[in-house]
Every structure is written in structure tokens, then in C-alpha cells.
>>> print(open('upload12.cif').read())   # mmCIF, C-alpha atoms and all ligand atoms
data_my_file
loop_
_atom_site.label_atom_id
_atom_site.label_comp_id
_atom_site.auth_asym_id
_atom_site.auth_seq_id
_atom_site.Cartn_x
_atom_site.Cartn_y
_atom_site.Cartn_z
CA MET V 164 -124.03 86.95 93.94
CA SER V 165 -125.32 88.51 90.73
CA MET V 166 -129.04 88.85 90.43
CA ILE V 167 -131.22 89.00 87.34
CA GLY V 168 -134.72 90.44 87.77
CA LEU V 169 -137.64 89.52 85.52
CA PHE V 170 -141.27 90.53 85.44
CA ASP V 171 -144.40 89.87 83.43
CA SER V 172 -148.14 90.15 83.93
CA GLY V 173 -148.40 86.48 84.78
CA VAL V 174 -146.94 83.12 83.84
CA GLY V 175 -145.56 84.37 80.51
CA GLU V 176 -142.14 84.97 81.93
CA LEU V 177 -141.92 81.29 82.87
CA THR V 178 -141.03 80.79 79.21
CA VAL V 179 -138.08 83.16 79.71
CA VAL V 180 -137.09 81.52 83.02
CA ARG V 181 -137.22 78.09 81.37
CA GLU V 182 -134.70 79.25 78.78
CA LEU V 183 -132.62 80.89 81.49
CA ILE V 184 -132.34 77.81 83.70
CA ARG V 185 -131.96 75.46 80.74
CA LYS V 186 -128.87 77.36 79.61
CA TYR V 187 -127.60 78.70 82.95
CA PRO V 188 -128.99 76.44 85.68
CA GLY V 189 -127.15 78.19 88.50
CA ALA V 190 -128.05 81.80 87.59
CA ASP V 191 -129.64 83.83 90.38
CA PHE V 192 -132.95 85.38 89.58
CA VAL V 193 -135.92 87.07 91.15
CA TYR V 194 -139.17 86.68 89.26
CA LEU V 195 -142.38 88.63 89.64
CA GLY V 196 -145.65 87.70 87.95
CA ASP V 197 -148.28 90.42 88.41
CA THR V 198 -151.10 87.90 88.39
CA ALA V 199 -153.41 90.15 90.42
CA ARG V 200 -153.55 92.61 87.52
CA TYR V 201 -153.05 90.43 84.43
CA PRO V 202 -153.69 90.69 81.52
CA TYR V 203 -151.67 93.71 80.45
CA GLY V 204 -152.27 93.16 76.75
CA ASN V 205 -155.60 94.96 76.56
CA LYS V 206 -154.71 97.89 78.85
CA SER V 207 -153.68 101.45 77.98
CA LYS V 208 -150.08 102.64 77.71
CA GLU V 209 -150.46 104.72 80.91
CA THR V 210 -151.68 101.73 82.90
CA VAL V 211 -149.01 99.36 81.55
CA GLU V 212 -146.33 101.98 82.35
CA ARG V 213 -147.59 102.37 85.91
CA TYR V 214 -147.69 98.61 86.49
CA ALA V 215 -144.27 98.09 84.91
CA VAL V 216 -142.69 100.77 87.13
CA GLU V 217 -144.10 99.05 90.23
CA ASP V 218 -143.02 95.59 89.04
CA ALA V 219 -139.49 96.83 88.32
CA LYS V 220 -139.26 98.44 91.76
CA PHE V 221 -140.01 95.10 93.37
CA VAL V 222 -137.26 93.21 91.55
CA ILE V 223 -134.75 96.07 91.96
CA ASP V 224 -135.48 96.16 95.71
CA GLN V 225 -134.74 92.42 95.77
CA GLY V 226 -131.28 93.13 94.35
CA ALA V 227 -131.72 92.84 90.56
CA GLU V 228 -128.73 94.27 88.69
CA LEU V 229 -130.37 93.77 85.31
CA VAL V 230 -134.10 93.77 84.66
CA ILE V 231 -135.37 91.60 81.81
CA VAL V 232 -138.78 92.91 80.85
CA ALA V 233 -140.13 89.44 80.14
CA CYS V 234 -143.34 90.80 78.68
CA ASN V 235 -143.79 92.00 75.11
CA THR V 236 -146.60 94.35 76.12
CA ALA V 237 -144.48 96.17 78.72
CA SER V 238 -141.49 96.03 76.34
CA SER V 239 -143.64 97.73 73.68
CA LEU V 240 -145.15 100.42 75.86
CA ALA V 241 -143.06 101.06 78.96
CA MET V 242 -139.30 100.93 78.20
CA ASP V 243 -138.83 104.72 78.09
CA LYS V 244 -140.73 105.18 81.32
CA LEU V 245 -138.73 102.41 83.05
CA ARG V 246 -135.37 103.80 81.96
CA ALA V 247 -136.37 107.33 82.99
CA THR V 248 -137.62 106.14 86.39
CA TYR V 249 -134.59 103.92 87.23
CA PRO V 250 -131.65 105.45 85.33
CA ASP V 251 -129.07 103.36 87.22
CA THR V 252 -130.55 99.99 86.30
CA PRO V 253 -130.11 98.38 82.87
CA PHE V 254 -133.34 97.16 81.28
CA LEU V 255 -133.60 94.65 78.45
CA GLY V 256 -136.87 94.21 76.58
CA VAL V 257 -137.92 91.27 74.43
CA ILE V 258 -138.83 93.07 71.19
CA LYS V 259 -135.44 93.88 69.68
CA PRO V 260 -133.80 90.48 70.32
CA ALA V 261 -136.81 88.67 68.81
CA ALA V 262 -137.02 91.01 65.81
CA ALA V 263 -133.28 90.73 65.15
CA LEU V 264 -133.42 86.93 65.21
CA ALA V 265 -136.43 86.88 62.84
CA VAL V 266 -134.71 89.25 60.41
CA THR V 267 -131.70 86.94 60.10
CA GLN V 268 -134.04 84.12 59.06
CA SER V 269 -136.41 85.90 56.65
CA LYS V 270 -136.08 87.08 53.08
CA THR V 271 -139.57 88.35 52.25
CA SER V 272 -142.04 88.33 55.12
CA VAL V 273 -142.33 88.03 58.90
CA GLY V 274 -145.51 87.26 60.81
CA VAL V 275 -145.98 88.61 64.32
CA VAL V 276 -148.52 87.45 66.87
CA GLY V 277 -148.98 89.28 70.15
CA THR V 278 -151.42 90.99 72.46
CA ARG V 279 -153.65 93.75 71.19
CA ALA V 280 -151.39 96.34 72.87
CA THR V 281 -148.17 94.98 71.33
CA VAL V 282 -149.66 94.66 67.85
CA GLY V 283 -151.38 98.07 68.16
CA SER V 284 -148.10 99.75 69.15
CA GLY V 285 -146.63 98.80 65.76
CA ILE V 286 -143.24 98.32 67.41
CA TYR V 287 -142.34 95.02 65.71
CA ASP V 288 -143.11 96.52 62.32
CA GLU V 289 -140.92 99.52 63.14
CA VAL V 290 -137.95 97.54 64.50
CA ILE V 291 -138.02 94.92 61.72
CA LYS V 292 -138.21 97.58 58.99
CA GLU V 293 -135.28 99.45 60.57
CA LEU V 294 -133.23 96.25 60.28
CA ASN V 295 -134.47 95.32 56.80
CA PRO V 296 -136.83 97.75 55.03
CA LYS V 297 -137.62 95.15 52.34
CA LEU V 298 -139.37 92.76 54.70
CA LYS V 299 -143.14 92.68 54.79
CA VAL V 300 -144.52 92.46 58.34
CA LEU V 301 -147.93 90.85 58.90
CA GLN V 302 -149.33 91.11 62.39
CA LYS V 303 -152.21 89.49 64.24
CA ALA V 304 -153.46 90.16 67.75
CA CYS V 305 -154.43 86.97 69.59
CA PRO V 306 -156.01 88.22 72.85
CA LEU V 307 -157.50 84.88 73.91
CA PHE V 308 -154.18 83.02 73.95
CA VAL V 309 -153.12 84.58 77.27
CA PRO V 310 -156.15 83.48 79.35
CA LEU V 311 -156.00 80.02 77.75
CA VAL V 312 -152.37 79.67 78.85
CA GLU V 313 -153.06 81.04 82.34
CA GLU V 314 -155.79 78.40 82.65
CA GLY V 315 -153.26 75.74 81.69
CA MET V 316 -155.31 74.81 78.58
CA ILE V 317 -152.19 74.12 76.61
CA ASP V 318 -153.30 71.12 74.59
CA ASP V 319 -157.03 71.61 74.45
CA GLN V 320 -159.61 71.52 71.65
CA VAL V 321 -160.66 75.11 72.36
CA THR V 322 -157.05 76.28 72.14
CA LYS V 323 -156.56 74.37 68.88
CA MET V 324 -159.63 76.12 67.47
CA MET V 325 -158.29 79.52 68.46
CA VAL V 326 -154.86 78.76 66.95
CA ARG V 327 -156.60 77.98 63.69
CA ARG V 328 -158.81 81.02 63.81
CA TYR V 329 -156.06 83.51 64.67
CA LEU V 330 -153.28 82.09 62.52
CA MET V 331 -155.16 81.15 59.35
CA PRO V 332 -154.63 84.59 57.73
CA LEU V 333 -150.86 84.39 58.35
CA ARG V 334 -150.69 80.84 57.04
CA GLN V 335 -152.63 81.84 53.92
CA LYS V 336 -150.20 84.69 53.30
CA ASN V 337 -147.25 82.27 53.49
CA VAL V 338 -145.16 84.10 56.10
CA GLU V 339 -141.63 82.70 56.30
CA THR V 340 -141.09 83.26 60.00
CA LEU V 341 -143.51 83.80 62.85
CA ILE V 342 -142.50 85.76 65.95
CA LEU V 343 -144.25 84.66 69.14
CA GLY V 344 -144.52 88.28 70.30
CA CYS V 345 -145.94 87.48 73.71
CA THR V 346 -144.06 85.53 76.35
CA HIS V 347 -147.15 83.45 77.07
CA TYR V 348 -147.24 82.02 73.57
CA PRO V 349 -144.28 79.59 73.72
CA PHE V 350 -146.58 77.44 75.88
CA LEU V 351 -148.57 76.98 72.66
CA GLN V 352 -145.53 76.60 70.40
CA PRO V 353 -146.11 72.90 69.53
CA LEU V 354 -149.73 73.66 68.50
CA ILE V 355 -148.68 76.75 66.56
CA GLU V 356 -145.85 74.92 64.77
CA ARG V 357 -148.13 72.07 63.86
CA PHE V 358 -150.70 74.47 62.42
CA MET V 359 -148.24 76.67 60.51
CA GLY V 360 -146.36 73.71 59.03
CA LYS V 361 -142.67 72.84 58.78
CA ARG V 362 -141.90 75.58 56.27
CA VAL V 363 -142.48 78.35 58.84
CA LYS V 364 -139.74 79.07 61.36
CA VAL V 365 -141.27 80.00 64.71
CA ILE V 366 -139.26 82.54 66.74
CA ASN V 367 -139.59 82.44 70.49
CA SER V 368 -139.01 85.89 72.01
CA ALA V 369 -138.13 84.24 75.34
CA GLU V 370 -135.18 82.38 73.83
CA ALA V 371 -133.95 85.47 71.98
CA VAL V 372 -133.94 87.69 75.06
CA VAL V 373 -131.95 85.22 77.20
CA ASP V 374 -129.27 84.96 74.49
CA LYS V 375 -129.10 88.75 74.22
CA ALA V 376 -128.89 89.20 78.00
CA TYR V 377 -125.97 86.76 78.15
CA GLU V 378 -124.23 88.49 75.26
CA LEU V 379 -124.53 91.88 77.01
CA TYR V 380 -124.04 90.88 80.67
CA PRO V 381 -122.23 87.52 80.84
CA GLY V 382 -121.00 88.22 84.39
CA LEU V 383 -124.56 88.03 85.71
CA PHE V 384 -124.99 84.40 84.67
CA LYS V 385 -122.29 82.92 86.89
CA GLU V 386 -123.16 79.91 89.01
CA SER V 387 -123.13 80.72 92.70
CA LYS V 388 -122.97 78.09 95.44
CA ASP V 389 -125.99 79.43 97.28
CA SER V 390 -127.99 80.03 94.11
CA LYS V 391 -131.09 82.12 94.77
CA GLN V 392 -134.02 81.55 92.45
CA THR V 393 -137.29 82.98 93.66
CA ILE V 394 -140.72 83.30 92.15
CA SER V 395 -143.31 85.75 93.46
CA PHE V 396 -146.85 86.50 92.39
CA THR V 397 -149.08 89.44 93.29
CA ASP V 398 -151.84 86.83 93.52
CA ALA V 399 -150.37 83.47 94.42
CA SER V 400 -152.18 80.13 94.16
CA SER V 401 -151.48 76.41 94.07
CA HIS V 402 -152.66 76.46 90.44
CA LEU V 403 -149.82 78.84 89.55
CA ASP V 404 -147.30 76.78 91.53
CA SER V 405 -148.20 73.62 89.67
CA LEU V 406 -148.11 75.41 86.30
CA ALA V 407 -144.67 76.83 87.16
CA SER V 408 -143.27 73.54 88.52
CA LYS V 409 -144.57 71.55 85.56
CA TRP V 410 -143.22 74.00 83.01
CA LEU V 411 -139.83 74.48 84.71
CA GLY V 412 -139.35 70.82 85.58
CA LYS V 413 -138.63 71.44 89.25
CA LYS V 414 -140.65 72.41 92.25
CA PHE V 415 -141.34 76.11 92.71
CA VAL V 416 -143.63 77.66 95.27
CA GLY V 417 -144.56 81.27 94.54
CA THR V 418 -144.47 83.81 97.35
CA ALA V 419 -147.45 86.14 97.57
CA VAL V 420 -146.36 89.79 97.49
CA SER V 421 -148.10 93.13 97.29
CA LEU V 422 -146.54 96.03 95.46
N1 LIG V 501 -146.84 87.89 78.51
C1 LIG V 501 -147.17 89.20 78.16
C2 LIG V 501 -146.64 89.67 76.86
O1 LIG V 501 -145.61 89.17 76.46
C3 LIG V 501 -148.43 89.83 78.67
C4 LIG V 501 -149.70 89.21 78.27
C5 LIG V 501 -150.86 89.90 78.93
O2 LIG V 501 -150.83 90.12 80.13
O3 LIG V 501 -151.81 90.24 78.22
O4 LIG V 501 -147.18 90.54 76.21
#
>>> encode(input="upload12.cif", output="C-alpha cells", more="lines below")
Ligand code: DGL
Amino acid sequence: MSMIGLFDSGVGELTVVRELIRKYPGADFVYLGDTARYPYGNKSKETVERYAVEDAKFVIDQGAELVIVACNTASSLAMDKLRATYPDTPFLGVIKPAAALAVTQSKTSVGVVGTRATVGSGIYDEVIKELNPKLKVLQKACPLFVPLVEEGMIDDQVTKMMVRRYLMPLRQKNVETLILGCTHYPFLQPLIERFMGKRVKVINSAEAVVDKAYELYPGLFKESKDSKQTISFTDASSHLDSLASKWLGKKFVGTAVSL
């Protein structure tokens, strides 16, 4: 059996798992959503590092041979700390795969939406400019998107209003591509695409990271007969189970764990 570990603050990584099981339905994975301590996106670097180290320990203890940091906030702030703490485990964050995909599709400008921590870290700007210094990067923090998604308010008037309010400046500046720099945001992708218009290519960081993980570690995606796919939450509830089952298209019941 080859096991892929994933973690996020909450249901954001479901967008990564959806891509994973859509492309590799038999892949083994262990998923942790740190719902007891979400959101991460408005916390300090020190706190996000501490949480990420504990989340990674859980999935490594469950047998993960690769850890996908399925959270842009932790990928922005905690990768060095994770690699220093667990030098024998490979870690893959979402930032570089998403930035690389956006760069291949943009000639002048890239928009980035994410949590306050991700946007404040400036990491997308840095990585995109390293790949193509000519690109203009326009960023916007959208802190209310995460609680709206966690509430399941995916096609709601309030959410539509917030999409308009947050994204108007990027639409007015005519960005060519828009990176969904938070793994919660693909839940809102249809609303975001509708608002930004057909001209703007929306890049889903969840999709990009699964493709990169397969490119780097294809052996981990093999189908096994007794495929093991588990979902755990630090604060489990039937609300989360129904969100997960609806989004993933099959029944999942989250196990409650403490770290
Ligand atoms: N889904 C996460 C991200 O990609 C975390 C959101 C949050 O907890 O604020 O940044």
C-alpha cells in the first residue's frame, strides 16, 4: 500500500481530494481537517507553523509517505518548518504548482485571491516573478470566503455579494488569469468564473497540486485492492460529513481525532 497524507484547516482540502479521486480513484489517502482550530488564514506564522507540524505528525503516524500540504496558508508560512521537523518525509505545497500553471497561461497579469496570511506573505508574487519577471501580480485577500464555504453557503446571495465585492478590483484591472490561492475557494469556482467572465482563466490550486504530486511520485497513486481512504477532523460533525459526501460524490464519515 502507498499512502498519501493531506491536511488543511478544514474542508478546503476536499477540493484537493476531489481532484485526487477523480483522477486516481483507487489511491490510498489519509486526510486531516483541523476543524477545531480553523481558520488558519488570519493567524500568525508561528501559530500556523505549530498547527501544521501537529497536522503533519498525524498523517505521518498514519503511514503517509508523501504529505500534500493542501492549504495555501500553511504552504505559504510553514514549509521550511515542516521540512526541518520531518526531514525524512517529502512535502508538497500548493503554491508552486498553482503559480507555475498560471504563468504558462498569462502574458501580462495574474490575479491572486487567498487568505490574509497567504496574500500578506507575498509568496505568490515572489514565485510568479521568479518564473516570469514581466508579469504583473495583483492580489486580494478574501477572508470571508472560508467561513462561507465551511457553512456550505456555496450558492447563496450573501456569497454572491462577497464575490462581487472582493473581485471587482481584479475584474476592473483586467487580469488574464486568476489563481484560487486557497483550497476552500474552488467550492466557489462557478460563482467566481461567472463574475470574472469568460476571458479570465481561473486556476485551481487543488488541481495543480495533484498533477504535480503525480508527476513527482507516480508510484504512490497505484490502485490497491484494499484501498484505504480515510477522513478525520479535529472537530467532527454530521454537517462536515454531509459537506464532504456531497462534494466528493460518495459517502464519507469523518473520524474525530485529537492531536
Ligand atoms: N484552505 C486554506 C488555505 O488554502 C485555509 C483557509 C483558512 O483556514 O483560513 O489557505
>>> residues_around(input="upload12.cif", residues="Ala215 in chain V", least_positions_apart="6", cutoff="10 Å", atoms="only C-alpha atoms", output="list in words")
Phe170, Asp171, Ser172, Asp197, Tyr203, Glu209, Phe221, Val232, Cys234, Thr236, Ala237, Ser238, Leu240, Ala241, Met242, Lys244 and Leu245 of chain V
>>> residues_near_ligand(input="upload12.cif", ligand="ligand LIG 501 (chain V)", cutoff="9 Å", atoms="all atoms listed in the file", output="ChimeraX atom specification")
/V:171-176,197-198,200-206,232-239,257,277-281,306-310,343-348,368
>>> closest_residue(input="upload12.cif", among="V:Ile366, V:Lys208, V:Ala227, V:Phe254", to="Val276 in chain V", atoms="all atoms listed in the file")
V:Ile366
>>> atom_distance(input="upload12.cif", atom1="CA of Thr178 in chain V", atom2="CA of Arg362 in chain V")
23.5 Å
>>> residues_around(input="upload12.cif", residues="Thr267 in chain V", least_positions_apart="6", cutoff="12 Å", atoms="all atoms listed in the file", output="PDB file with C-alpha atoms, in the coordinates of the input")
ATOM      1  CA  PRO V 260    -133.800  90.480  70.320  1.00  0.00           C
ATOM      2  CA  ALA V 261    -136.810  88.670  68.810  1.00  0.00           C
ATOM      3  CA  VAL V 273    -142.330  88.030  58.900  1.00  0.00           C
ATOM      4  CA  ILE V 291    -138.020  94.920  61.720  1.00  0.00           C
ATOM      5  CA  LEU V 294    -133.230  96.250  60.280  1.00  0.00           C
ATOM      6  CA  ASN V 295    -134.470  95.320  56.800  1.00  0.00           C
ATOM      7  CA  LEU V 298    -139.370  92.760  54.700  1.00  0.00           C
ATOM      8  CA  GLU V 339    -141.630  82.700  56.300  1.00  0.00           C
ATOM      9  CA  THR V 340    -141.090  83.260  60.000  1.00  0.00           C
ATOM     10  CA  LYS V 364    -139.740  79.070  61.360  1.00  0.00           C
ATOM     11  CA  ILE V 366    -139.260  82.540  66.740  1.00  0.00           C
TER      12      ILE V 366
END
>>> decode(input="upload12.cif", residues="range 246-388 of chain V", atoms="C-alpha atoms", output="short mmCIF file (atom, residue, chain, number, x, y, z; two decimals), in the first residue's frame")
data_model
loop_
_atom_site.label_atom_id
_atom_site.label_comp_id
_atom_site.auth_asym_id
_atom_site.auth_seq_id
_atom_site.Cartn_x
_atom_site.Cartn_y
_atom_site.Cartn_z
CA ARG V 246 10.77 20.03 6.22
CA ALA V 247 13.10 20.80 9.14
CA THR V 248 10.87 18.90 11.59
CA TYR V 249 10.34 15.79 9.40
CA PRO V 250 13.44 15.57 7.17
CA ASP V 251 12.61 12.02 6.01
CA THR V 252 9.17 12.86 4.64
CA PRO V 253 8.62 14.63 1.31
CA PHE V 254 6.25 17.61 1.49
CA LEU V 255 4.49 19.20 -1.46
CA GLY V 256 2.80 22.58 -1.08
CA VAL V 257 0.16 24.11 -3.33
CA ILE V 258 1.80 27.45 -4.16
CA LYS V 259 4.44 26.49 -6.72
CA PRO V 260 2.25 24.15 -8.81
CA ALA V 261 -0.52 26.77 -8.99
CA ALA V 262 1.89 29.62 -9.79
CA ALA V 263 3.62 27.57 -12.50
CA LEU V 264 0.31 26.71 -14.15
CA ALA V 265 -0.81 30.37 -14.08
CA VAL V 266 2.48 31.54 -15.59
CA THR V 267 2.07 29.23 -18.59
CA GLN V 268 -1.32 30.84 -19.30
CA SER V 269 -0.56 34.54 -18.75
CA LYS V 270 1.23 37.17 -20.80
CA THR V 271 0.72 40.35 -18.79
CA SER V 272 -1.02 39.92 -15.45
CA VAL V 273 -2.08 37.34 -12.87
CA GLY V 274 -4.66 37.88 -10.14
CA VAL V 275 -4.35 36.00 -6.86
CA VAL V 276 -7.04 35.58 -4.24
CA GLY V 277 -6.29 33.97 -0.90
CA THR V 278 -6.45 34.32 2.85
CA ARG V 279 -4.99 37.36 4.55
CA ALA V 280 -1.96 35.29 5.63
CA THR V 281 -1.24 33.95 2.12
CA VAL V 282 -1.65 37.33 0.46
CA GLY V 283 0.33 39.06 3.24
CA SER V 284 3.23 36.59 2.85
CA GLY V 285 3.74 37.83 -0.73
CA ILE V 286 4.72 34.30 -1.76
CA TYR V 287 2.67 34.14 -4.97
CA ASP V 288 4.15 37.43 -6.12
CA GLU V 289 7.65 36.12 -5.40
CA VAL V 290 7.20 32.72 -7.09
CA ILE V 291 5.42 34.14 -10.16
CA LYS V 292 8.07 36.84 -10.65
CA GLU V 293 10.83 34.23 -10.36
CA LEU V 294 9.19 32.33 -13.22
CA ASN V 295 8.39 35.40 -15.32
CA PRO V 296 9.58 38.80 -14.04
CA LYS V 297 7.45 40.62 -16.64
CA LEU V 298 4.14 39.53 -15.17
CA LYS V 299 2.18 41.91 -13.01
CA VAL V 300 0.69 40.23 -9.92
CA LEU V 301 -2.47 41.68 -8.38
CA GLN V 302 -3.56 40.18 -5.09
CA LYS V 303 -6.68 40.37 -2.98
CA ALA V 304 -7.35 38.83 0.43
CA CYS V 305 -10.87 37.40 0.72
CA PRO V 306 -11.15 36.41 4.41
CA LEU V 307 -14.92 35.84 4.40
CA PHE V 308 -14.85 33.18 1.67
CA VAL V 309 -13.58 30.48 4.06
CA PRO V 310 -16.38 30.72 6.67
CA LEU V 311 -18.97 30.94 3.87
CA VAL V 312 -17.66 27.69 2.40
CA GLU V 313 -17.44 25.97 5.80
CA GLU V 314 -21.09 26.92 6.31
CA GLY V 315 -21.94 25.30 2.98
CA MET V 316 -23.20 28.65 1.60
CA ILE V 317 -21.89 27.85 -1.83
CA ASP V 318 -24.65 29.30 -3.98
CA ASP V 319 -26.06 31.97 -1.73
CA GLN V 320 -26.93 35.65 -2.21
CA VAL V 321 -24.53 36.69 0.55
CA THR V 322 -21.69 34.75 -1.09
CA LYS V 323 -22.50 36.30 -4.47
CA MET V 324 -22.30 39.75 -2.87
CA MET V 325 -18.92 38.97 -1.36
CA VAL V 326 -17.60 37.61 -4.68
CA ARG V 327 -18.56 40.90 -6.27
CA ARG V 328 -17.09 42.99 -3.51
CA TYR V 329 -13.76 41.16 -3.31
CA LEU V 330 -13.21 40.54 -7.01
CA MET V 331 -14.39 43.81 -8.54
CA PRO V 332 -10.92 45.44 -8.31
CA LEU V 333 -9.32 42.47 -10.12
CA ARG V 334 -12.03 42.45 -12.78
CA GLN V 335 -11.60 46.20 -13.32
CA LYS V 336 -7.86 45.72 -13.78
CA ASN V 337 -8.48 43.07 -16.46
CA VAL V 338 -6.34 40.27 -15.01
CA GLU V 339 -5.82 37.47 -17.53
CA THR V 340 -5.71 34.60 -15.07
CA LEU V 341 -6.96 34.28 -11.51
CA ILE V 342 -5.33 31.87 -9.06
CA LEU V 343 -7.68 30.48 -6.43
CA GLY V 344 -4.95 30.68 -3.80
CA CYS V 345 -6.93 28.99 -1.05
CA THR V 346 -8.10 25.41 -1.25
CA HIS V 347 -11.54 26.42 0.02
CA TYR V 348 -12.19 28.65 -2.98
CA PRO V 349 -12.81 26.02 -5.70
CA PHE V 350 -16.15 25.47 -3.94
CA LEU V 351 -16.97 28.97 -5.21
CA GLN V 352 -15.39 28.50 -8.65
CA PRO V 353 -18.67 28.62 -10.64
CA LEU V 354 -19.65 31.92 -8.93
CA ILE V 355 -16.16 33.35 -9.38
CA GLU V 356 -16.00 32.33 -13.06
CA ARG V 357 -19.40 33.81 -13.73
CA PHE V 358 -18.39 37.09 -12.12
CA MET V 359 -14.96 37.36 -13.77
CA GLY V 360 -16.29 36.48 -17.23
CA LYS V 361 -15.14 34.02 -19.89
CA ARG V 362 -12.00 35.97 -20.75
CA VAL V 363 -10.38 35.17 -17.37
CA LYS V 364 -8.84 31.74 -16.87
CA VAL V 365 -9.39 30.57 -13.31
CA ILE V 366 -6.59 28.40 -11.88
CA ASN V 367 -7.49 25.92 -9.20
CA SER V 368 -4.53 25.27 -6.87
CA ALA V 369 -6.08 21.92 -5.89
CA GLU V 370 -5.92 20.61 -9.46
CA ALA V 371 -2.37 21.87 -9.96
CA VAL V 372 -1.02 20.19 -6.83
CA VAL V 373 -2.49 16.77 -7.67
CA ASP V 374 -0.91 16.87 -11.15
CA LYS V 375 2.44 17.86 -9.64
CA ALA V 376 2.27 15.12 -6.99
CA TYR V 377 1.62 12.52 -9.69
CA GLU V 378 4.46 13.85 -11.82
CA LEU V 379 6.89 13.60 -8.87
CA TYR V 380 5.64 10.43 -7.14
CA PRO V 381 3.66 8.31 -9.63
CA GLY V 382 4.25 5.14 -7.60
CA LEU V 383 2.08 6.49 -4.77
CA PHE V 384 -1.03 6.65 -6.93
CA LYS V 385 -1.33 2.94 -7.66
CA GLU V 386 -4.70 1.27 -7.14
CA SER V 387 -4.64 -1.19 -4.28
CA LYS V 388 -7.26 -3.88 -3.75
#
